[in-house]
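So this one's data_3.pdb, PDB, C-alpha atoms:
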```pdb
ATOM      1  CA  MET A   1     -28.091 140.811-117.417
ATOM      2  CA  ARG A   2     -27.352 143.661-119.805
ATOM      3  CA  LYS A   3     -23.989 145.376-119.630
ATOM      4  CA  ASP A   4     -23.653 148.887-118.302
ATOM      5  CA  ARG A   5     -23.426 151.228-121.282
ATOM      6  CA  ALA A   6     -20.186 152.700-120.002
ATOM      7  CA  ASP A   7     -18.619 149.237-120.270
ATOM      8  CA  THR A   8     -19.916 148.556-123.774
ATOM      9  CA  PRO A   9     -17.016 148.184-126.204
ATOM     10  CA  PRO A  10     -16.932 150.364-129.331
ATOM     11  CA  LEU A  11     -19.209 149.274-132.157
ATOM     12  CA  ALA A  12     -17.865 149.619-135.661
ATOM     13  CA  ASP A  13     -20.523 151.965-136.974
ATOM     14  CA  ALA A  14     -21.730 153.622-133.728
ATOM     15  CA  GLU A  15     -19.616 156.722-134.212
ATOM     16  CA  ALA A  16     -20.486 156.855-137.903
ATOM     17  CA  LEU A  17     -24.195 156.674-137.060
ATOM     18  CA  THR A  18     -23.857 159.412-134.503
ATOM     19  CA  GLY A  19     -22.200 161.631-137.063
ATOM     20  CA  ALA A  20     -24.686 160.727-139.782
ATOM     21  CA  VAL A  21     -27.753 161.847-137.870
ATOM     22  CA  GLY A  22     -26.041 164.688-136.036
ATOM     23  CA  GLY A  23     -28.634 166.724-134.209
ATOM     24  CA  GLY A  24     -31.400 165.716-136.608
ATOM     25  CA  GLY A  25     -34.891 164.820-135.522
ATOM     26  CA  ARG A  26     -36.781 161.553-135.699
ATOM     27  CA  GLY A  27     -36.921 161.698-139.489
ATOM     28  CA  ALA A  28     -33.135 161.682-139.668
ATOM     29  CA  HIS A  29     -32.894 158.747-137.296
ATOM     30  CA  ARG A  30     -35.512 156.830-139.257
ATOM     31  CA  LEU A  31     -33.718 157.478-142.544
ATOM     32  CA  THR A  32     -30.423 156.363-141.013
ATOM     33  CA  ALA A  33     -32.080 153.201-139.693
ATOM     34  CA  ARG A  34     -33.556 152.373-143.092
ATOM     35  CA  ARG A  35     -30.216 152.804-144.801
ATOM     36  CA  LEU A  36     -28.500 150.651-142.193
ATOM     37  CA  ALA A  37     -31.206 147.974-142.461
ATOM     38  CA  ARG A  38     -30.796 147.848-146.251
ATOM     39  CA  ARG A  39     -27.045 147.545-145.906
ATOM     40  CA  LEU A  40     -27.343 144.736-143.394
ATOM     41  CA  ALA A  41     -29.898 142.953-145.566
ATOM     42  CA  ASP A  42     -27.563 143.184-148.558
ATOM     43  CA  GLU A  43     -24.857 141.603-146.417
ATOM     44  CA  GLN A  44     -27.362 138.996-145.136
ATOM     45  CA  LEU A  45     -26.820 140.107-141.545
ATOM     46  CA  PRO A  46     -29.549 140.249-138.863
ATOM     47  CA  VAL A  47     -30.959 143.724-138.360
ATOM     48  CA  LEU A  48     -32.314 143.033-134.888
ATOM     49  CA  GLU A  49     -28.889 142.087-133.614
ATOM     50  CA  ARG A  50     -27.562 145.472-134.689
ATOM     51  CA  ALA A  51     -30.524 147.151-132.982
ATOM     52  CA  GLN A  52     -29.651 145.306-129.784
ATOM     53  CA  GLN A  53     -26.055 146.467-130.039
ATOM     54  CA  LEU A  54     -26.983 150.083-130.679
ATOM     55  CA  ALA A  55     -29.496 150.010-127.821
ATOM     56  CA  GLN A  56     -26.570 149.357-125.459
ATOM     57  CA  ARG A  57     -24.435 152.213-126.753
ATOM     58  CA  PRO A  58     -23.766 155.185-124.454
ATOM     59  CA  GLU A  59     -24.369 157.629-127.348
ATOM     60  CA  ILE A  60     -27.925 158.917-127.381
ATOM     61  CA  GLN A  61     -27.948 159.106-131.188
ATOM     62  CA  ALA A  62     -27.081 155.413-131.443
ATOM     63  CA  ARG A  63     -29.959 154.484-129.130
ATOM     64  CA  LEU A  64     -32.318 156.678-131.136
ATOM     65  CA  VAL A  65     -31.342 154.795-134.298
ATOM     66  CA  ALA A  66     -31.931 151.527-132.407
ATOM     67  CA  CYS A  67     -35.509 152.656-131.707
ATOM     68  CA  GLU A  68     -36.083 153.071-135.434
ATOM     69  CA  LEU A  69     -34.396 149.769-136.310
ATOM     70  CA  VAL A  70     -36.612 147.630-134.117
ATOM     71  CA  PRO A  71     -39.838 148.008-136.172
ATOM     72  CA  LEU A  72     -37.818 147.152-139.275
ATOM     73  CA  SER A  73     -36.573 143.938-137.679
ATOM     74  CA  PHE A  74     -39.666 142.957-135.689
ATOM     75  CA  ASP A  75     -40.356 139.824-137.738
ATOM     76  CA  GLU A  76     -36.908 138.395-137.009
ATOM     77  CA  ASP A  77     -37.866 137.769-133.368
ATOM     78  CA  PRO A  78     -40.962 139.602-132.068
ATOM     79  CA  GLU A  79     -40.342 138.833-128.404
ATOM     80  CA  GLU A  80     -36.735 139.993-128.486
ATOM     81  CA  ALA A  81     -37.669 143.055-130.540
ATOM     82  CA  MET A  82     -40.190 144.073-127.898
ATOM     83  CA  ALA A  83     -37.637 143.359-125.148
ATOM     84  CA  VAL A  84     -35.294 145.882-126.768
ATOM     85  CA  LEU A  85     -38.073 148.467-126.895
ATOM     86  CA  HIS A  86     -39.019 147.712-123.291
ATOM     87  CA  ASP A  87     -35.539 148.712-122.150
ATOM     88  CA  LEU A  88     -35.416 151.758-124.408
ATOM     89  CA  ALA A  89     -38.857 152.905-123.229
ATOM     90  CA  GLY A  90     -37.376 153.148-119.741
ATOM     91  CA  ASP A  91     -34.206 154.892-120.916
ATOM     92  CA  SER A  92     -32.719 157.734-118.883
ATOM     93  CA  ASP A  93     -32.962 160.113-121.865
ATOM     94  CA  PRO A  94     -36.433 161.535-122.645
ATOM     95  CA  LYS A  95     -35.791 161.629-126.408
ATOM     96  CA  VAL A  96     -34.911 157.947-126.431
ATOM     97  CA  ARG A  97     -37.966 157.112-124.333
ATOM     98  CA  ALA A  98     -40.218 159.030-126.713
ATOM     99  CA  ALA A  99     -38.713 157.353-129.778
ATOM    100  CA  ALA A 100     -39.023 153.901-128.219
ATOM    101  CA  ILE A 101     -42.653 154.478-127.222
ATOM    102  CA  ALA A 102     -43.452 155.753-130.728
ATOM    103  CA  ALA A 103     -41.832 152.659-132.233
ATOM    104  CA  CYS A 104     -43.821 150.437-129.891
ATOM    105  CA  ALA A 105     -47.030 152.202-130.927
ATOM    106  CA  ARG A 106     -46.269 151.653-134.635
ATOM    107  CA  ILE A 107     -45.715 147.959-134.016
ATOM    108  CA  ALA A 108     -48.907 147.682-131.952
ATOM    109  CA  ARG A 109     -50.940 149.262-134.711
ATOM    110  CA  THR A 110     -49.579 146.852-137.328
ATOM    111  CA  HIS A 111     -49.096 143.684-135.267
ATOM    112  CA  PHE A 112     -51.518 144.101-132.376
ATOM    113  CA  GLY A 113     -52.418 140.436-132.053
ATOM    114  CA  ARG A 114     -48.760 139.486-131.815
ATOM    115  CA  VAL A 115     -47.815 141.970-129.085
ATOM    116  CA  VAL A 116     -50.883 142.400-126.878
ATOM    117  CA  GLU A 117     -49.768 139.690-124.437
ATOM    118  CA  ILE A 118     -46.259 141.129-124.325
ATOM    119  CA  LEU A 119     -47.648 144.599-123.605
ATOM    120  CA  SER A 120     -49.806 143.135-120.849
ATOM    121  CA  GLY A 121     -46.619 142.171-119.041
ATOM    122  CA  TRP A 122     -45.335 145.738-119.243
ATOM    123  CA  ARG A 123     -48.163 147.035-117.056
ATOM    124  CA  ASP A 124     -46.323 145.786-113.956
ATOM    125  CA  SER A 125     -43.055 147.494-114.841
ATOM    126  CA  PRO A 126     -41.543 149.625-112.069
ATOM    127  CA  SER A 127     -40.869 152.284-114.727
ATOM    128  CA  PRO A 128     -43.832 154.613-115.316
ATOM    129  CA  HIS A 129     -42.436 155.302-118.775
ATOM    130  CA  VAL A 130     -42.777 151.640-119.731
ATOM    131  CA  ARG A 131     -46.315 151.604-118.342
ATOM    132  CA  ARG A 132     -47.023 154.757-120.350
ATOM    133  CA  ALA A 133     -45.852 152.900-123.460
ATOM    134  CA  VAL A 134     -48.744 150.478-122.972
ATOM    135  CA  ALA A 135     -51.262 153.332-122.977
ATOM    136  CA  VAL A 136     -49.693 154.960-126.043
ATOM    137  CA  ALA A 137     -49.634 151.654-127.916
ATOM    138  CA  ALA A 138     -53.285 151.039-127.041
ATOM    139  CA  THR A 139     -54.195 154.513-128.278
ATOM    140  CA  ARG A 140     -52.520 153.922-131.635
ATOM    141  CA  ALA A 141     -53.944 150.413-132.020
ATOM    142  CA  ALA A 142     -57.540 151.612-131.648
ATOM    143  CA  GLU A 143     -58.938 151.667-135.179
ATOM    144  CA  ALA A 144     -62.616 151.741-136.073
ATOM    145  CA  THR A 145     -62.011 149.223-138.857
ATOM    146  CA  ARG A 146     -60.540 146.724-136.360
ATOM    147  CA  LEU A 147     -63.530 146.123-134.132
ATOM    148  CA  GLU A 148     -62.130 142.774-132.987
ATOM    149  CA  ARG A 149     -59.437 144.652-131.063
ATOM    150  CA  ALA A 150     -61.909 146.504-128.844
ATOM    151  CA  PRO A 151     -62.320 144.004-125.966
ATOM    152  CA  HIS A 152     -58.590 143.289-125.890
ATOM    153  CA  LEU A 153     -57.780 146.993-125.694
ATOM    154  CA  MET A 154     -60.221 147.514-122.827
ATOM    155  CA  ARG A 155     -58.633 144.653-120.889
ATOM    156  CA  LEU A 156     -55.149 145.918-121.726
ATOM    157  CA  VAL A 157     -55.628 149.336-120.134
ATOM    158  CA  GLU A 158     -57.942 148.378-117.275
ATOM    159  CA  PRO A 159     -55.125 147.705-114.748
ATOM    160  CA  LEU A 160     -53.667 151.126-115.563
ATOM    161  CA  LEU A 161     -56.829 152.928-114.452
ATOM    162  CA  THR A 162     -55.567 153.035-110.875
ATOM    163  CA  ASP A 163     -52.020 154.078-111.813
ATOM    164  CA  ARG A 164     -51.382 157.347-110.002
ATOM    165  CA  ASP A 165     -48.102 158.256-111.649
ATOM    166  CA  PRO A 166     -48.610 161.495-113.615
ATOM    167  CA  THR A 167     -46.633 160.043-116.528
ATOM    168  CA  VAL A 168     -49.377 157.465-117.023
ATOM    169  CA  ARG A 169     -52.548 159.139-115.820
ATOM    170  CA  ARG A 170     -52.139 162.347-117.843
ATOM    171  CA  LEU A 171     -52.363 160.216-120.970
ATOM    172  CA  LEU A 172     -54.804 157.475-120.043
ATOM    173  CA  GLY A 173     -58.152 159.138-119.379
ATOM    174  CA  PRO A 174     -58.024 162.155-121.685
ATOM    175  CA  SER A 175     -56.224 160.455-124.582
ATOM    176  CA  ALA A 176     -56.333 156.649-124.569
ATOM    177  CA  LEU A 177     -59.908 156.301-123.342
ATOM    178  CA  GLY A 178     -60.908 159.158-125.627
ATOM    179  CA  SER A 179     -59.460 157.295-128.603
ATOM    180  CA  PHE A 180     -61.513 154.248-127.610
ATOM    181  CA  LEU A 181     -64.684 156.348-127.581
ATOM    182  CA  SER A 182     -63.823 157.480-131.089
ATOM    183  CA  ALA A 183     -63.031 154.049-132.523
ATOM    184  CA  TYR A 184     -65.453 151.890-130.516
ATOM    185  CA  PRO A 185     -68.099 154.169-128.965
ATOM    186  CA  ASP A 186     -70.484 151.456-127.772
ATOM    187  CA  VAL A 187     -67.871 149.060-126.400
ATOM    188  CA  ALA A 188     -65.894 151.876-124.780
ATOM    189  CA  PHE A 189     -68.975 153.425-123.205
ATOM    190  CA  ASP A 190     -70.015 150.078-121.731
ATOM    191  CA  SER A 191     -66.535 149.741-120.246
ATOM    192  CA  LEU A 192     -66.724 153.240-118.771
ATOM    193  CA  ILE A 193     -70.050 152.345-117.169
ATOM    194  CA  GLU A 194     -68.442 149.262-115.635
ATOM    195  CA  TRP A 195     -65.349 151.138-114.455
ATOM    196  CA  SER A 196     -67.488 153.887-112.923
ATOM    197  CA  THR A 197     -68.500 151.407-110.208
ATOM    198  CA  SER A 198     -64.925 151.391-108.877
ATOM    199  CA  SER A 199     -64.205 152.873-105.462
ATOM    200  CA  ASP A 200     -60.724 153.970-106.517
ATOM    201  CA  PRO A 201     -60.582 157.749-107.064
ATOM    202  CA  GLN A 202     -57.902 157.465-109.745
ATOM    203  CA  ALA A 203     -60.022 155.048-111.760
ATOM    204  CA  LEU A 204     -63.019 157.373-111.443
ATOM    205  CA  TRP A 205     -60.851 160.343-112.473
ATOM    206  CA  ASN A 206     -59.924 158.479-115.644
ATOM    207  CA  VAL A 207     -63.542 157.639-116.383
ATOM    208  CA  ALA A 208     -64.610 161.269-116.037
ATOM    209  CA  MET A 209     -61.645 162.572-118.015
ATOM    210  CA  ALA A 210     -62.510 160.282-120.918
ATOM    211  CA  PHE A 211     -65.487 162.585-121.532
ATOM    212  CA  THR A 212     -63.220 165.611-121.978
ATOM    213  CA  SER A 213     -62.215 164.154-125.344
ATOM    214  CA  PRO A 214     -63.789 165.607-128.517
ATOM    215  CA  SER A 215     -64.910 162.067-129.353
ATOM    216  CA  ALA A 216     -67.279 162.172-126.363
ATOM    217  CA  ALA A 217     -69.453 164.919-127.882
ATOM    218  CA  PRO A 218     -71.708 162.568-129.884
ATOM    219  CA  LEU A 219     -72.286 160.613-126.674
ATOM    220  CA  ALA A 220     -73.115 163.653-124.526
ATOM    221  CA  LYS A 221     -76.562 162.469-123.431
ATOM    222  CA  ARG A 222     -75.226 159.040-122.490
ATOM    223  CA  ALA A 223     -72.199 160.579-120.807
ATOM    224  CA  LEU A 224     -74.479 162.384-118.378
ATOM    225  CA  ILE A 225     -75.579 159.002-117.019
ATOM    226  CA  VAL A 226     -72.038 158.455-115.770
ATOM    227  CA  LEU A 227     -71.217 162.039-114.845
ATOM    228  CA  ARG A 228     -74.368 162.545-112.759
ATOM    229  CA  LYS A 229     -73.259 159.694-110.530
ATOM    230  CA  LEU A 230     -69.610 160.746-110.320
ATOM    231  CA  ALA A 231     -70.632 164.328-109.496
ATOM    232  CA  LEU A 232     -71.828 163.038-106.119
ATOM    233  CA  ASP A 233     -68.328 161.902-105.169
ATOM    234  CA  GLU A 234     -66.909 164.175-102.460
ATOM    235  CA  ARG A 235     -63.279 163.475-103.317
ATOM    236  CA  ARG A 236     -61.765 166.546-104.924
ATOM    237  CA  MET A 237     -59.921 164.789-107.749
ATOM    238  CA  VAL A 238     -63.132 163.033-108.808
ATOM    239  CA  TRP A 239     -65.619 165.900-108.715
ATOM    240  CA  ARG A 240     -63.173 168.290-110.373
ATOM    241  CA  ALA A 241     -62.642 165.771-113.181
ATOM    242  CA  VAL A 242     -66.424 165.703-113.598
ATOM    243  CA  ALA A 243     -66.427 169.510-113.769
ATOM    244  CA  ALA A 244     -63.733 169.381-116.458
ATOM    245  CA  ALA A 245     -65.775 166.861-118.444
ATOM    246  CA  MET A 246     -68.930 168.970-118.160
ATOM    247  CA  TRP A 247     -67.025 172.071-119.226
ATOM    248  CA  GLN A 248     -65.562 170.371-122.317
ATOM    249  CA  LEU A 249     -68.818 168.674-123.208
ATOM    250  CA  GLY A 250     -70.645 171.939-122.624
ATOM    251  CA  ARG A 251     -68.473 173.744-125.152
ATOM    252  CA  ARG A 252     -69.259 171.116-127.771
ATOM    253  CA  ARG A 253     -72.854 170.256-126.808
ATOM    254  CA  PRO A 254     -74.309 173.233-124.920
ATOM    255  CA  ASP A 255     -77.827 172.116-125.842
ATOM    256  CA  VAL A 256     -77.375 169.004-123.717
ATOM    257  CA  VAL A 257     -75.028 170.158-120.962
ATOM    258  CA  ARG A 258     -76.154 173.680-120.025
ATOM    259  CA  PRO A 259     -79.672 172.653-118.934
ATOM    260  CA  GLU A 260     -78.143 169.836-116.894
ATOM    261  CA  LEU A 261     -75.754 172.202-115.145
ATOM    262  CA  GLU A 262     -78.598 174.592-114.399
ATOM    263  CA  ARG A 263     -80.397 171.755-112.641
ATOM    264  CA  TRP A 264     -77.273 170.843-110.720
ATOM    265  CA  LEU A 265     -76.998 174.408-109.400
ATOM    266  CA  ALA A 266     -80.200 173.823-107.494
ATOM    267  CA  GLU A 267     -78.898 170.596-105.935
ATOM    268  CA  GLU A 268     -76.768 170.817-102.831
ATOM    269  CA  THR A 269     -74.845 167.662-103.743
ATOM    270  CA  ARG A 270     -73.843 168.759-107.259
ATOM    271  CA  ALA A 271     -73.850 172.559-107.059
ATOM    272  CA  LYS A 272     -70.087 172.962-106.619
ATOM    273  CA  VAL A 273     -69.446 170.838-109.719
ATOM    274  CA  ALA A 274     -71.851 172.971-111.734
ATOM    275  CA  ARG A 275     -70.325 176.217-110.525
ATOM    276  CA  GLU A 276     -66.834 175.031-111.425
ATOM    277  CA  ALA A 277     -67.878 173.928-114.909
ATOM    278  CA  LEU A 278     -69.868 177.092-115.609
ATOM    279  CA  LYS A 279     -66.811 179.262-114.923
ATOM    280  CA  TYR A 280     -65.531 178.240-118.354
ATOM    281  CA  LEU A 281     -68.771 178.205-120.333
TER     282      LEU A 281
END
```

Take the structure in this file and express it as structure tokens.
Amino acid sequence: MRKDRADTPPLADAEALTGAVGGGGRGAHRLTARRLARRLADEQLPVLERAQQLAQRPEIQARLVACELVPLSFDEDPEEAMAVLHDLAGDSDPKVRAAAIAACARIARTHFGRVVEILSGWRDSPSPHVRRAVAVAATRAAEATRLERAPHLMRLVEPLLTDRDPTVRRLLGPSALGSFLSAYPDVAFDSLIEWSTSSDPQALWNVAMAFTSPSAAPLAKRALIVLRKLALDERRMVWRAVAAAMWQLGRRRPDVVRPELERWLAEETRAKVAREALKYL
């Protein structure tokens, strides 16, 4: 069990680190971490151990430096490095959480195969911020040149589709799934088709919101296959997500979407979706 930060004894350079970065942004913390890592390497001391120590400090600046140290020391012990980030991703301070999630995303992009199983375990965390870290990491790891990652990324985020916490859902559909459509359009679209058969309204909201992404524009005609079906759902969160998708797609592909919406206006089952979307077109 980790000690309470208030009971953590003083660390030799914690105060010095706090003073060094002052009120600086992430760049200052990263520079401080690099300097500290070089110093520790020169002294043949483990960098990850210092990151662990700083992560337990009560000073926010020390924990921010810890976030930047972990990627630099990942190879020393990947599982322990990710354990440090797990705790920092659920930190009480929003700046620390953001820095930890960003560090996790950098590691996922570089070492995806080594952390995907670890990240899978984070999906069950009671902290929505830790669960959000999974979605952010997946977003950053999606690269068109790394096609082999596609099926693993789809499986990684699938359990999050039903996560109703705003911290997670605001990112998942519009951002993470949108990044998948950009990097892996065919694989991602097939997954969206599969997920659209869910009965869970949150999952369906995420599917519809994926098509609000700019990366959905080239797939507009195919997107209508999914959105036509979801437009029949009477649950407000689902049909309004469809309206948002049709509005965004309509701005980018009016040639495809406007005629479809005109047809929907004449259908009792889809008319309200069309009217809502057309308000913004």

As a check of understanding: the span from CA of Gly90 (chain A) to CA of Gln52 (chain A) is 14.9 Å

- [ ] Run through the PyMOL selection byres ((chain A and resi 88) around 12) on the given coordinates and return the selected residues as a count of residues only.
- [x] 42

For this session: Write out as an MDAnalysis selection string which residues come within 9 Å of Phe211 (chain A) when counting only C-alpha atoms, dropping same-chain ones fewer than 3 positions away.
Result: chainID A and resid 173:174 177:178 181 207:208 214:217 219:220 223 227 242 244:246 248:249

task = Report as number ranges by chain the residues that result from applying the PyMOL selection byres ((chain A and resi 236) around 12) to the structure here.
result = A: 201-202, 204-205, 230-235, 237-243, 272-273, 276

List as a list of chain:residue names the protein and nucleic acid residues near Arg149 (chain A), meaning an atom at most 12 Å away when only C-alpha atoms are counted, but skip any in the same chain fewer than 4 places from it.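 Final neighbour list, sorted by chain and number: A:Ala108, A:Arg109, A:Thr110, A:His111, A:Phe112, A:Gly113, A:Arg114, A:Val116, A:Ala138, A:Thr139, A:Arg140, A:Ala141, A:Ala142, A:Glu143, A:Ala144, A:Thr145, A:Leu153, A:Met154, A:Arg155, A:Leu156, A:Phe180, A:Ala183, A:Tyr184, A:Val187, A:Ala188.
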
query = Pick the closest to Arg253 (chain A) from A:Thr212, A:Ser196, A:Asn206, A:Gln53: which is it, counting all atoms listed in the file?
reply =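 Distance minimum relative to Arg253 (chain A) lands on A:Thr212.
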
Counting only C-alpha atoms, which residue out of A:Ile193, A:Ala137, A:Ala210, A:Asp186 sits closest to Arg169 (chain A)?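 Checking each candidate against Arg169 (chain A), we get A:Ala210 as the closest.
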
Separation of CA of Ser191 (chain A) and CA of Glu268 (chain A), in Å?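 Calculated distance between CA of Ser191 (chain A) and CA of Glu268 (chain A) is 29.2 Å.
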
*asked:* Could you tell me how far CA of Ala33 (chain A) sits from CA of Ser120 (chain A), in Å to one decimal place?
replied: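 These two atoms are separated by 27.8 Å.
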
Q) Which one is closest to Ala37 (chain A): A:Leu72, A:Ala271, A:Leu160, A:Leu224? Count all atoms listed in the file. A)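 Closest to Ala37 (chain A) of all the choices is A:Leu72.
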
Using only C-alpha atoms, can you tell me which of A:Leu36, A:Ile225, A:Met209, A:Leu45 comes closest to Leu69 (chain A)?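 Closest candidate: A:Leu36.
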
- Spell out the residues picked by the PyMOL selection byres ((chain A and resi 278) around 9) here, as a list in words. Ala243, Met246, Trp247, Gly250, Arg258, Leu261, Val273, Ala274, Arg275, Glu276, Ala277, Lys279, Tyr280 and Leu281 of chain A

Check: Looking at all atoms listed in the file, which of A:Glu262, A:Ser179, A:Glu194, A:Glu80 is the one that sits closest to Leu48 (chain A)?
Finding: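 Smallest distance to Leu48 (chain A) is found for A:Glu80.
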
| query | Closest to Ala150 (chain A) among A:Ser73, A:Ser182, A:Thr269, A:Gln61, using only C-alpha atoms? | reply |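 Ranking A:Ser73, A:Ser182, A:Thr269, A:Gln61 by distance to Ala150 (chain A), first place goes to A:Ser182.
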
Filled-in N, CA and C atoms of region 220-247 of chain A, supplied as a PDB file, in the coordinates of the input:
```pdb
ATOM      1  N   ALA A 220     -72.889 162.743-125.651  1.00  0.00           N
ATOM      2  CA  ALA A 220     -73.115 163.653-124.526  1.00  0.00           C
ATOM      3  C   ALA A 220     -74.279 163.214-123.643  1.00  0.00           C
ATOM      4  N   LYS A 221     -75.398 162.853-124.236  1.00  0.00           N
ATOM      5  CA  LYS A 221     -76.562 162.469-123.431  1.00  0.00           C
ATOM      6  C   LYS A 221     -76.268 161.223-122.609  1.00  0.00           C
ATOM      7  N   ARG A 222     -75.577 160.262-123.216  1.00  0.00           N
ATOM      8  CA  ARG A 222     -75.226 159.040-122.490  1.00  0.00           C
ATOM      9  C   ARG A 222     -74.153 159.322-121.441  1.00  0.00           C
ATOM     10  N   ALA A 223     -73.259 160.245-121.749  1.00  0.00           N
ATOM     11  CA  ALA A 223     -72.199 160.579-120.807  1.00  0.00           C
ATOM     12  C   ALA A 223     -72.769 161.107-119.497  1.00  0.00           C
ATOM     13  N   LEU A 224     -73.868 161.830-119.590  1.00  0.00           N
ATOM     14  CA  LEU A 224     -74.479 162.384-118.378  1.00  0.00           C
ATOM     15  C   LEU A 224     -74.909 161.295-117.401  1.00  0.00           C
ATOM     16  N   ILE A 225     -75.213 160.113-117.903  1.00  0.00           N
ATOM     17  CA  ILE A 225     -75.579 159.002-117.019  1.00  0.00           C
ATOM     18  C   ILE A 225     -74.443 158.711-116.045  1.00  0.00           C
ATOM     19  N   VAL A 226     -73.224 158.729-116.582  1.00  0.00           N
ATOM     20  CA  VAL A 226     -72.038 158.455-115.770  1.00  0.00           C
ATOM     21  C   VAL A 226     -71.677 159.672-114.923  1.00  0.00           C
ATOM     22  N   LEU A 227     -71.692 160.837-115.533  1.00  0.00           N
ATOM     23  CA  LEU A 227     -71.217 162.039-114.845  1.00  0.00           C
ATOM     24  C   LEU A 227     -72.148 162.471-113.715  1.00  0.00           C
ATOM     25  N   ARG A 228     -73.446 162.220-113.858  1.00  0.00           N
ATOM     26  CA  ARG A 228     -74.368 162.545-112.759  1.00  0.00           C
ATOM     27  C   ARG A 228     -73.979 161.780-111.487  1.00  0.00           C
ATOM     28  N   LYS A 229     -73.642 160.519-111.671  1.00  0.00           N
ATOM     29  CA  LYS A 229     -73.259 159.694-110.530  1.00  0.00           C
ATOM     30  C   LYS A 229     -71.926 160.152-109.942  1.00  0.00           C
ATOM     31  N   LEU A 230     -70.936 160.367-110.800  1.00  0.00           N
ATOM     32  CA  LEU A 230     -69.610 160.746-110.320  1.00  0.00           C
ATOM     33  C   LEU A 230     -69.612 162.131-109.682  1.00  0.00           C
ATOM     34  N   ALA A 231     -70.558 162.981-110.073  1.00  0.00           N
ATOM     35  CA  ALA A 231     -70.632 164.328-109.496  1.00  0.00           C
ATOM     36  C   ALA A 231     -70.977 164.293-108.012  1.00  0.00           C
ATOM     37  N   LEU A 232     -71.481 163.171-107.532  1.00  0.00           N
ATOM     38  CA  LEU A 232     -71.828 163.038-106.119  1.00  0.00           C
ATOM     39  C   LEU A 232     -70.629 162.658-105.263  1.00  0.00           C
ATOM     40  N   ASP A 233     -69.520 162.311-105.918  1.00  0.00           N
ATOM     41  CA  ASP A 233     -68.328 161.902-105.169  1.00  0.00           C
ATOM     42  C   ASP A 233     -67.691 163.120-104.505  1.00  0.00           C
ATOM     43  N   GLU A 234     -67.441 163.038-103.217  1.00  0.00           N
ATOM     44  CA  GLU A 234     -66.909 164.175-102.460  1.00  0.00           C
ATOM     45  C   GLU A 234     -65.400 164.360-102.624  1.00  0.00           C
ATOM     46  N   ARG A 235     -64.730 163.365-103.192  1.00  0.00           N
ATOM     47  CA  ARG A 235     -63.279 163.475-103.317  1.00  0.00           C
ATOM     48  C   ARG A 235     -62.928 164.484-104.411  1.00  0.00           C
ATOM     49  N   ARG A 236     -62.057 165.398-104.059  1.00  0.00           N
ATOM     50  CA  ARG A 236     -61.765 166.546-104.924  1.00  0.00           C
ATOM     51  C   ARG A 236     -61.318 166.128-106.329  1.00  0.00           C
ATOM     52  N   MET A 237     -60.434 165.143-106.436  1.00  0.00           N
ATOM     53  CA  MET A 237     -59.921 164.789-107.749  1.00  0.00           C
ATOM     54  C   MET A 237     -61.026 164.227-108.639  1.00  0.00           C
ATOM     55  N   VAL A 238     -62.038 163.616-108.017  1.00  0.00           N
ATOM     56  CA  VAL A 238     -63.132 163.033-108.808  1.00  0.00           C
ATOM     57  C   VAL A 238     -64.098 164.116-109.257  1.00  0.00           C
ATOM     58  N   TRP A 239     -64.598 164.931-108.308  1.00  0.00           N
ATOM     59  CA  TRP A 239     -65.619 165.900-108.715  1.00  0.00           C
ATOM     60  C   TRP A 239     -65.054 166.983-109.631  1.00  0.00           C
ATOM     61  N   ARG A 240     -63.765 167.305-109.462  1.00  0.00           N
ATOM     62  CA  ARG A 240     -63.173 168.290-110.373  1.00  0.00           C
ATOM     63  C   ARG A 240     -62.969 167.705-111.771  1.00  0.00           C
ATOM     64  N   ALA A 241     -62.714 166.412-111.862  1.00  0.00           N
ATOM     65  CA  ALA A 241     -62.642 165.771-113.181  1.00  0.00           C
ATOM     66  C   ALA A 241     -64.013 165.790-113.847  1.00  0.00           C
ATOM     67  N   VAL A 242     -65.059 165.607-113.055  1.00  0.00           N
ATOM     68  CA  VAL A 242     -66.424 165.703-113.598  1.00  0.00           C
ATOM     69  C   VAL A 242     -66.684 167.121-114.102  1.00  0.00           C
ATOM     70  N   ALA A 243     -66.247 168.117-113.342  1.00  0.00           N
ATOM     71  CA  ALA A 243     -66.427 169.510-113.769  1.00  0.00           C
ATOM     72  C   ALA A 243     -65.697 169.769-115.080  1.00  0.00           C
ATOM     73  N   ALA A 244     -64.486 169.208-115.213  1.00  0.00           N
ATOM     74  CA  ALA A 244     -63.733 169.381-116.458  1.00  0.00           C
ATOM     75  C   ALA A 244     -64.464 168.728-117.629  1.00  0.00           C
ATOM     76  N   ALA A 245     -65.036 167.555-117.387  1.00  0.00           N
ATOM     77  CA  ALA A 245     -65.775 166.861-118.444  1.00  0.00           C
ATOM     78  C   ALA A 245     -67.023 167.655-118.847  1.00  0.00           C
ATOM     79  N   MET A 246     -67.723 168.199-117.852  1.00  0.00           N
ATOM     80  CA  MET A 246     -68.930 168.970-118.160  1.00  0.00           C
ATOM     81  C   MET A 246     -68.577 170.261-118.887  1.00  0.00           C
ATOM     82  N   TRP A 247     -67.470 170.856-118.528  1.00  0.00           N
ATOM     83  CA  TRP A 247     -67.025 172.071-119.226  1.00  0.00           C
ATOM     84  C   TRP A 247     -66.713 171.762-120.692  1.00  0.00           C
TER      85      TRP A 247
END
```
